[in-house]
Amino acid sequence: MYGVGVAFQPSGASSSAGKSSKEKKRHDEDDEEEDDNEAKGVDAWERAYADERSWEDLQEDESGLLRPIDTKTLVHAQYRKRLLLRSSAGGSVVSRIQKGLIRYLYVVIDLSRAASETDYRPSRMAVVAKQAEAFIREFFDQNPLSHVGLISIKDGLAHRLTDIGGSPEAQIKALMGKLECSGEASLQNALELVHGYLSQIPSYGHREVLILYSALNTCDPGDIMETVQRCKKAKIRCSVIGLSAEVFICKHLCEETGGTYTVALNESHFKELLLEHAPPPPAIAEYAAANLIKMGFPQRGAEGVVSICSCHKEAKVGGGYTCPRCKVRVCELPTECRTCGLTLVSSPHLARSYHHLFPVAPFDEVPPHGRPGQRLPTACFGCQLSLVGQGVQPILRVSCPKCNQHFCLDCDIYIHESLHNCPGCESQRISAV
Amino acid sequence: MASAPSKLYQDDASLVVALLDTNPFFWAAASLPFSEFLQHVVPFINSLLLLNQLNRVVLIATGTSSCGYIFDSGEANSNANANANANALCSGIIKKLEDFVGKDSKIAKGPNGNGDATRPAISSLLSGSLSLALCYIQRIFRSGARHPQPRILCIQGSPDGPEQYVAVMNSIFSAQRSMVPIDSCIVGTQHSAFLQQASYITGGVYMKPQQLDGLFQYLAAVFATDLHSRNFLRLPKPVGVDFRASCFCHKKTIDLGYVCSVCLSIFCKYHKKCSTCGSEFNQGTVDSTTREQKR
Ligand SMILES: [Zn+2]
Ligand SMILES: [Zn+2]
Ligand SMILES: [Zn+2]
Ligand SMILES: [Zn+2]
Ligand SMILES: [Zn+2]
Ligand SMILES: [Zn+2]
């Protein structure tokens with residue numbers, strides 16, 4: 001869990017893994033594809049290259065020579081771009097700490113015929129499912145008090161796969177059980193369905209839809225423009241990630257409702273775009289009313305005490321939590337008390353979100369040889385890695401604008417993406433103002 | 001996101017990052033003097049290194065005004081020393097710790113020598129040393145598939161600093177994501193709610209020894225075993241973890257309260273406006289100023 005166990009399969013390996021999958025459907029497609037390829041006169045050896053897309057690992061240098069991509073520098077550059085974007089989107093101090101932390105998100109997965117295309121390996125549908133799973137875990141890690149539901153579109157209809165809820169495992173299980181694609185995609189039906197469900201949630205919640213759209217068209221029963229306006233009126237923030245090309249109606253939908261519209265180029269780009277939706281969006285005051293929510297903070301029950309839990313209706317020994325208002329026992333937090341309706345959380349659940357309110361400022365890049373007369377620290381303040389290069393090439397480093405400590409690039413990423421503390425700033429006592 | 005590489009550990013080689021509380025305010029009043037405390041801790045570190053040739057120990061000092069690396073057994077010169085002479089290792093660590101404490105108190109006094117004298121810092125910078133330890137452990141994760149299995153051991157005496165709450169919790173969650181257990185050994189008089197939660201959330205061991213003059217025995221019996229062998233031991237069970245919240249307004253522990261829907265700040269009674277993020281809690285009208293903020 002928590003992003004560690006997410007294995008990343010190379011695309012070559014996953015196409016063969018796809019065949020051993022239990023879905024008969026995909027067998028057929030693979031066979032079809034082979035037939036296609038043979039018809040076009042592509043030999044088996046050529047296909048190996050086509051599958052691995054090895055040319056994507058090369059880049060041209062200044063003199064026009066091909067070199068393998070320097071992944072580390074590239075990853076760091078991409079990460080910095082994201083970080084700066086994120087911190088500049090915050091704008092003024094007031095709006096930076098106003099985030100939509102309590103989110104009600106429906107993820108709409110396009111399982112129309114277009115999702116069976118194999119421009120992504122092994123297919124768009126498989127890639128979407130794999131990345132959606134990673135996304136759901138990351139989402140709950142970053143938004144512990146939020147809720148996710150899943151909706152699929154196929155055969156011109158929209159189906160609800162799961163109720164909107166707070167458990168990642170239930171969502172992922174439901175998603176993996178329903179992976180078949182056919183028919184047309186209907187954006188309108190999906191939006192109408194989501195609109196119906198999201199109009200029931202509490203007023204302080206942020207209503208969001210994230211559509212993972214493979215199709216290039218939408219096959220609707222009525223006027224979709226009306227539906228878009230209805231979503232806008234209901235303050236549902238709609239975002240779309242396309243897998244093929246830009247579609248006007250998707251762009252229009254996102255612009256009208258304040259969401260974002262992006263189109264993925266390849267699997268890693270898709271993953272990146274999807275994960276951008278995991279951190280809470282800036283709260284827009286109009287979209288959700290600020291409210292004080294009454295919550296209970298139950299204590300963990302004493303070990304060895306037998307009580308009947310309200311969630312499973314079973315007698316259980318030890319553990320568990322007791323609702324402070326009605327004294328009913330529940331097994332897990334966060335939840336809503338089945339008896340009195342009180343929202344029950346533990347303080348660490350709330351604390352998981354606090355880093356969104358107090359983000360670490362982006363670090364500044366340090367010029368390779370420092371300013372004249374400046375003696376650069378020889379090691380990374382965080383991990384003690386030596387920052388003195390062996391040859392002429394100096395090792396890249398960054399520094400925290402607040403405490404001026406120097407960090408290596410790996411620590412830079414770790415500090416901003418996972419730790420959310422600057423070790424330098426935490427290692428000095430800030431005099432009370 | 002910054003996921004650690006695949007965790008193919010050697011079963012029983014450990015990396016122990018020990019965080020040592022050097023808070024002079026605490027040690028001045030403690031029943032066990034700091035110098036005697038070190039007579040327990042330094043042999044413990046030495047025995048960790050002798051337990052397994054592949055074990056590594058990193059020592060970080062948690063001061064009141066700074067945190068710093070004291071010792072790393074993985075560094076070439078210190079390793080050679082360790083094999084040659086355990087005494088040299090011990091005196092080296094003690095010397096470096098003394099230097100650190102001296103420097104730390106100098107920083108606390110400030111350049112003019114009077115700095116923060118009016119408000120003596122009674123807590124030590126646990127959030128700082130935890131952050132350093134985690135950065136170091138990430139570097140070990142990056143070093144390849146074969147690395148010792150890391151854990152953090154906090155030997156803490158000072159009371160929790162409420163102002164570090166967010167930073168300590170951030171460190172705990174990051175340790176949990178990287179599957180690094182945080183062990184806690186409390187040498188002070190009070191329990192630490194921070195470290196109780198840290199050990200509970202990360203699956204580490206929390207212990208508050210009754211008899212501090214037997215500290216070495218406690219350390220050696222409970223905290224010396226590698227994570228794999230822990231499965232076969234009966235280690236102290238958490239007595240109970242206080243997950244109740246404390247309100248932002250009075251720092252009072254509450255079991256029923258109000259939470260701001262925008263920033264999740266906790267209050268013990270109803271307020272009209274959130275003191276953390278400035279949101280106003282009137283559900284009805286949206287005034288023009290908030291509308292302008294939208295774009
Ligand atoms: Zn139950
Ligand atoms: Zn209740
Ligand atoms: Zn570093
Ligand atoms: Zn800093
Ligand atoms: Zn209060
Ligand atoms: Zn607030």
# chains A, B, ... in the order shown; residues from 1 in each chain; ligands from 1

$ interface_residues --of "chain B" --to "chain A" --cutoff "6 Å" --atoms "only C-alpha atoms" --output "ChimeraX atom specification"
/B:1,3,65-67,127-128,131-132,135-136,171,174,177,243-245,255-261,281,283,294

$ write_last_selection --atoms "C-alpha atoms" --output "PDB file, in the first residue's frame"
ATOM      1  CA  MET B   1       4.852   8.735  -5.265  1.00  0.00           C
ATOM      2  CA  SER B   3       8.264   5.045  -3.989  1.00  0.00           C
ATOM      3  CA  SER B  65      18.095  24.374  18.606  1.00  0.00           C
ATOM      4  CA  SER B  66      19.641  22.070  16.029  1.00  0.00           C
ATOM      5  CA  CYS B  67      19.923  18.455  14.953  1.00  0.00           C
ATOM      6  CA  SER B 127      10.628  16.601  13.973  1.00  0.00           C
ATOM      7  CA  GLY B 128      14.058  17.647  12.718  1.00  0.00           C
ATOM      8  CA  SER B 131      13.175  14.156   9.018  1.00  0.00           C
ATOM      9  CA  LEU B 132      16.937  13.683   8.781  1.00  0.00           C
ATOM     10  CA  CYS B 135      16.133  11.317   4.273  1.00  0.00           C
ATOM     11  CA  TYR B 136      19.068   9.087   5.175  1.00  0.00           C
ATOM     12  CA  SER B 171       7.314  12.261   9.316  1.00  0.00           C
ATOM     13  CA  SER B 174       6.189   9.186   5.400  1.00  0.00           C
ATOM     14  CA  ARG B 177       4.581   4.785   3.476  1.00  0.00           C
ATOM     15  CA  PHE B 243      -6.059   9.061  19.319  1.00  0.00           C
ATOM     16  CA  ARG B 244      -8.269  11.759  20.720  1.00  0.00           C
ATOM     17  CA  ALA B 245      -7.773  15.139  19.181  1.00  0.00           C
ATOM     18  CA  ASP B 255     -13.658  13.449  22.057  1.00  0.00           C
ATOM     19  CA  LEU B 256     -16.430  15.490  20.441  1.00  0.00           C
ATOM     20  CA  GLY B 257     -15.699  18.635  18.523  1.00  0.00           C
ATOM     21  CA  TYR B 258     -16.106  20.733  15.403  1.00  0.00           C
ATOM     22  CA  VAL B 259     -13.931  20.462  12.321  1.00  0.00           C
ATOM     23  CA  CYS B 260     -13.578  23.186   9.698  1.00  0.00           C
ATOM     24  CA  SER B 261     -14.624  21.673   6.368  1.00  0.00           C
ATOM     25  CA  PHE B 281     -19.288  29.603   8.553  1.00  0.00           C
ATOM     26  CA  GLN B 283     -23.966  28.716   4.946  1.00  0.00           C
ATOM     27  CA  LYS B 294     -12.399  32.494  -7.798  1.00  0.00           C
TER      28      LYS B 294
END

$ closest_atom_pairs --of "chain A" --to "ligand 1" --cutoff "12 Å" --atoms "only C-alpha atoms and all ligand atoms" --output "JSON lines"
{"residue": "A:Ser307", "atom": "CA", "partner": "ligand 1", "partner_atom_place_in_ligand_line": "1 (Zn)", "distance": 10.0}
{"residue": "A:Ile308", "atom": "CA", "partner": "ligand 1", "partner_atom_place_in_ligand_line": "1 (Zn)", "distance": 7.8}
{"residue": "A:Cys309", "atom": "CA", "partner": "ligand 1", "partner_atom_place_in_ligand_line": "1 (Zn)", "distance": 4.7}
{"residue": "A:Ser310", "atom": "CA", "partner": "ligand 1", "partner_atom_place_in_ligand_line": "1 (Zn)", "distance": 5.9}
{"residue": "A:Cys311", "atom": "CA", "partner": "ligand 1", "partner_atom_place_in_ligand_line": "1 (Zn)", "distance": 4.1}
{"residue": "A:His312", "atom": "CA", "partner": "ligand 1", "partner_atom_place_in_ligand_line": "1 (Zn)", "distance": 3.9}
{"residue": "A:Lys313", "atom": "CA", "partner": "ligand 1", "partner_atom_place_in_ligand_line": "1 (Zn)", "distance": 6.4}
{"residue": "A:Glu314", "atom": "CA", "partner": "ligand 1", "partner_atom_place_in_ligand_line": "1 (Zn)", "distance": 6.6}
{"residue": "A:Ala315", "atom": "CA", "partner": "ligand 1", "partner_atom_place_in_ligand_line": "1 (Zn)", "distance": 8.5}
{"residue": "A:Lys316", "atom": "CA", "partner": "ligand 1", "partner_atom_place_in_ligand_line": "1 (Zn)", "distance": 7.8}
{"residue": "A:Val317", "atom": "CA", "partner": "ligand 1", "partner_atom_place_in_ligand_line": "1 (Zn)", "distance": 10.9}
{"residue": "A:Gly318", "atom": "CA", "partner": "ligand 1", "partner_atom_place_in_ligand_line": "1 (Zn)", "distance": 11.6}
{"residue": "A:Gly319", "atom": "CA", "partner": "ligand 1", "partner_atom_place_in_ligand_line": "1 (Zn)", "distance": 10.5}
{"residue": "A:Gly320", "atom": "CA", "partner": "ligand 1", "partner_atom_place_in_ligand_line": "1 (Zn)", "distance": 8.0}
{"residue": "A:Tyr321", "atom": "CA", "partner": "ligand 1", "partner_atom_place_in_ligand_line": "1 (Zn)", "distance": 9.8}
{"residue": "A:Thr322", "atom": "CA", "partner": "ligand 1", "partner_atom_place_in_ligand_line": "1 (Zn)", "distance": 11.4}
{"residue": "A:Val328", "atom": "CA", "partner": "ligand 1", "partner_atom_place_in_ligand_line": "1 (Zn)", "distance": 10.7}
{"residue": "A:Arg329", "atom": "CA", "partner": "ligand 1", "partner_atom_place_in_ligand_line": "1 (Zn)", "distance": 7.8}
{"residue": "A:Val330", "atom": "CA", "partner": "ligand 1", "partner_atom_place_in_ligand_line": "1 (Zn)", "distance": 5.5}
{"residue": "A:Cys331", "atom": "CA", "partner": "ligand 1", "partner_atom_place_in_ligand_line": "1 (Zn)", "distance": 4.4}
{"residue": "A:Glu332", "atom": "CA", "partner": "ligand 1", "partner_atom_place_in_ligand_line": "1 (Zn)", "distance": 7.3}
{"residue": "A:Leu333", "atom": "CA", "partner": "ligand 1", "partner_atom_place_in_ligand_line": "1 (Zn)", "distance": 10.6}
{"residue": "A:Thr335", "atom": "CA", "partner": "ligand 1", "partner_atom_place_in_ligand_line": "1 (Zn)", "distance": 11.0}
{"residue": "A:Cys337", "atom": "CA", "partner": "ligand 1", "partner_atom_place_in_ligand_line": "1 (Zn)", "distance": 11.3}
{"residue": "A:Arg338", "atom": "CA", "partner": "ligand 1", "partner_atom_place_in_ligand_line": "1 (Zn)", "distance": 10.8}

$ residues_near_ligand --ligand "ligand 6" --cutoff "6 Å" --atoms "only C-alpha atoms and all ligand atoms" --output "NGL selection string"
:B and (260 or 262-263 or 265 or 274 or 276-277 or 279)

$ write_last_selection --atoms "C-alpha atoms" --output "PDB file, in the first residue's frame"
ATOM      1  CA  CYS B 260     -13.578  23.186   9.698  1.00  0.00           C
ATOM      2  CA  VAL B 262     -12.060  23.758   4.502  1.00  0.00           C
ATOM      3  CA  CYS B 263      -8.857  23.150   6.470  1.00  0.00           C
ATOM      4  CA  SER B 265      -8.803  22.479  11.982  1.00  0.00           C
ATOM      5  CA  CYS B 274     -12.080  29.585  11.313  1.00  0.00           C
ATOM      6  CA  THR B 276      -6.639  28.884  10.759  1.00  0.00           C
ATOM      7  CA  CYS B 277      -7.924  29.548   7.249  1.00  0.00           C
ATOM      8  CA  SER B 279     -13.373  30.707   6.308  1.00  0.00           C
TER       9      SER B 279
END

$ residues_around --residues "segment 83-98 of chain B" --least-positions-apart "6" --cutoff "8 Å" --atoms "only C-alpha atoms" --output "mmCIF file with C-alpha atoms, in the first residue's frame"
data_model
loop_
_atom_site.group_PDB
_atom_site.id
_atom_site.type_symbol
_atom_site.label_atom_id
_atom_site.label_comp_id
_atom_site.auth_asym_id
_atom_site.auth_seq_id
_atom_site.Cartn_x
_atom_site.Cartn_y
_atom_site.Cartn_z
ATOM 1 C CA LEU B 38 25.786 7.496 27.354
ATOM 2 C CA VAL B 42 27.195 3.761 23.375
ATOM 3 C CA PRO B 43 27.854 0.106 24.359
ATOM 4 C CA ASN B 46 28.652 -1.073 19.712
ATOM 5 C CA ALA B 61 21.486 14.068 17.962
ATOM 6 C CA ILE B 70 27.022 12.296 15.015
ATOM 7 C CA PHE B 71 28.170 8.939 13.736
#

$ select_by_dssp --residues "segment 226-380 of chain A" --states "helix (DSSP H, G or I)" --output "ChimeraX atom specification"
/A:226-233,248-257,267-275,347-351,354-357

$ write_last_selection --atoms "N, CA, C and O atoms" --output "short mmCIF file (atom, residue, chain, number, x, y, z; two decimals), in the first residue's frame"
data_model
loop_
_atom_site.label_atom_id
_atom_site.label_comp_id
_atom_site.auth_asym_id
_atom_site.auth_seq_id
_atom_site.Cartn_x
_atom_site.Cartn_y
_atom_site.Cartn_z
N GLU A 226 -27.27 21.00 -22.32
CA GLU A 226 -28.14 21.21 -21.16
C GLU A 226 -27.57 20.51 -19.92
O GLU A 226 -27.55 21.06 -18.83
N THR A 227 -27.08 19.29 -20.14
CA THR A 227 -26.50 18.54 -19.02
C THR A 227 -25.28 19.25 -18.46
O THR A 227 -25.08 19.31 -17.25
N VAL A 228 -24.46 19.80 -19.37
CA VAL A 228 -23.28 20.53 -18.91
C VAL A 228 -23.71 21.69 -18.02
O VAL A 228 -23.13 21.91 -16.95
N GLN A 229 -24.74 22.40 -18.45
CA GLN A 229 -25.20 23.53 -17.65
C GLN A 229 -25.76 23.07 -16.31
O GLN A 229 -25.58 23.74 -15.30
N ARG A 230 -26.44 21.92 -16.32
CA ARG A 230 -26.98 21.39 -15.07
C ARG A 230 -25.84 21.05 -14.09
O ARG A 230 -25.94 21.32 -12.90
N CYS A 231 -24.75 20.47 -14.61
CA CYS A 231 -23.60 20.16 -13.76
C CYS A 231 -22.98 21.44 -13.21
O CYS A 231 -22.58 21.52 -12.06
N LYS A 232 -22.91 22.44 -14.09
CA LYS A 232 -22.35 23.72 -13.67
C LYS A 232 -23.18 24.30 -12.53
O LYS A 232 -22.65 24.77 -11.53
N LYS A 233 -24.50 24.22 -12.69
CA LYS A 233 -25.40 24.76 -11.68
C LYS A 233 -25.27 23.99 -10.37
O LYS A 233 -25.34 24.56 -9.29
N PHE A 248 -13.93 18.38 -28.58
CA PHE A 248 -14.49 19.68 -28.22
C PHE A 248 -15.40 19.62 -27.01
O PHE A 248 -15.29 20.42 -26.09
N ILE A 249 -16.29 18.64 -26.98
CA ILE A 249 -17.30 18.63 -25.92
C ILE A 249 -16.65 18.44 -24.55
O ILE A 249 -17.08 19.02 -23.55
N CYS A 250 -15.56 17.66 -24.50
CA CYS A 250 -14.86 17.47 -23.22
C CYS A 250 -14.26 18.77 -22.75
O CYS A 250 -14.34 19.15 -21.59
N LYS A 251 -13.64 19.48 -23.70
CA LYS A 251 -13.01 20.75 -23.37
C LYS A 251 -14.06 21.73 -22.87
O LYS A 251 -13.87 22.41 -21.86
N HIS A 252 -15.17 21.76 -23.57
CA HIS A 252 -16.26 22.66 -23.20
C HIS A 252 -16.76 22.34 -21.79
O HIS A 252 -16.93 23.23 -20.96
N LEU A 253 -16.95 21.05 -21.52
CA LEU A 253 -17.43 20.61 -20.21
C LEU A 253 -16.49 21.08 -19.10
O LEU A 253 -16.93 21.64 -18.09
N CYS A 254 -15.19 20.88 -19.29
CA CYS A 254 -14.22 21.24 -18.25
C CYS A 254 -14.16 22.75 -18.06
O CYS A 254 -14.10 23.24 -16.94
N GLU A 255 -14.19 23.48 -19.16
CA GLU A 255 -14.14 24.94 -19.05
C GLU A 255 -15.36 25.47 -18.31
O GLU A 255 -15.24 26.35 -17.46
N GLU A 256 -16.51 24.92 -18.64
CA GLU A 256 -17.74 25.42 -18.02
C GLU A 256 -17.79 25.13 -16.52
O GLU A 256 -18.28 25.93 -15.75
N THR A 257 -17.28 23.96 -16.12
CA THR A 257 -17.47 23.55 -14.73
C THR A 257 -16.24 23.79 -13.86
O THR A 257 -16.23 23.43 -12.69
N GLU A 267 1.60 6.04 -21.70
CA GLU A 267 1.18 5.54 -20.39
C GLU A 267 1.77 6.35 -19.24
O GLU A 267 1.06 6.70 -18.29
N SER A 268 3.05 6.68 -19.31
CA SER A 268 3.64 7.38 -18.17
C SER A 268 3.06 8.79 -18.06
O SER A 268 2.86 9.31 -16.96
N HIS A 269 2.75 9.38 -19.21
CA HIS A 269 2.12 10.69 -19.20
C HIS A 269 0.72 10.60 -18.60
O HIS A 269 0.30 11.44 -17.82
N PHE A 270 0.01 9.55 -18.96
CA PHE A 270 -1.32 9.33 -18.43
C PHE A 270 -1.29 9.20 -16.90
O PHE A 270 -2.07 9.82 -16.18
N LYS A 271 -0.31 8.42 -16.43
CA LYS A 271 -0.16 8.22 -14.99
C LYS A 271 0.07 9.56 -14.30
O LYS A 271 -0.53 9.86 -13.27
N GLU A 272 0.95 10.35 -14.91
CA GLU A 272 1.27 11.66 -14.34
C GLU A 272 0.03 12.55 -14.28
O GLU A 272 -0.26 13.18 -13.27
N LEU A 273 -0.72 12.58 -15.40
CA LEU A 273 -1.92 13.42 -15.45
C LEU A 273 -2.94 12.98 -14.42
O LEU A 273 -3.59 13.79 -13.77
N LEU A 274 -3.06 11.66 -14.27
CA LEU A 274 -4.05 11.12 -13.34
C LEU A 274 -3.67 11.49 -11.91
O LEU A 274 -4.52 11.93 -11.13
N LEU A 275 -2.39 11.34 -11.58
CA LEU A 275 -1.98 11.61 -10.20
C LEU A 275 -2.07 13.09 -9.85
O LEU A 275 -2.10 13.44 -8.69
N SER A 347 -7.56 11.51 15.22
CA SER A 347 -6.81 12.73 14.90
C SER A 347 -5.74 12.50 13.84
O SER A 347 -5.52 13.39 13.02
N PRO A 348 -5.06 11.33 13.77
CA PRO A 348 -4.12 11.15 12.66
C PRO A 348 -4.77 11.24 11.28
O PRO A 348 -4.14 11.66 10.32
N HIS A 349 -6.07 10.88 11.19
CA HIS A 349 -6.74 11.03 9.90
C HIS A 349 -6.76 12.47 9.45
O HIS A 349 -6.55 12.79 8.28
N LEU A 350 -7.05 13.34 10.39
CA LEU A 350 -7.07 14.76 10.04
C LEU A 350 -5.66 15.24 9.75
O LEU A 350 -5.42 15.99 8.81
N ALA A 351 -4.70 14.75 10.56
CA ALA A 351 -3.32 15.22 10.40
C ALA A 351 -2.74 14.85 9.05
O ALA A 351 -1.86 15.52 8.54
N TYR A 354 -2.94 17.81 6.84
CA TYR A 354 -2.41 19.13 7.21
C TYR A 354 -1.25 19.58 6.34
O TYR A 354 -0.99 20.77 6.23
N HIS A 355 -0.55 18.63 5.71
CA HIS A 355 0.58 19.07 4.89
C HIS A 355 0.11 19.87 3.68
O HIS A 355 0.86 20.66 3.12
N HIS A 356 -1.16 19.68 3.28
CA HIS A 356 -1.67 20.50 2.18
C HIS A 356 -1.78 21.96 2.61
O HIS A 356 -1.72 22.86 1.79
N LEU A 357 -1.99 22.16 3.90
CA LEU A 357 -2.17 23.53 4.40
C LEU A 357 -0.84 24.23 4.61
O LEU A 357 -0.73 25.43 4.52
#

$ atom_distance --atom1 "atom CA of Val57 of chain B" --atom2 "atom CA of Gly74 of chain B"
7.5 Å

$ select_by_dssp --residues "segment 279-417 of chain A" --states "strand (DSSP E)" --output "JSON, numbers by chain"
{"A": [292, 293, 294, 295, 296, 306, 307, 308, 315, 316, 317, 321, 322, 329, 330, 335, 336, 343, 344, 364, 365, 398, 399, 406, 407]}
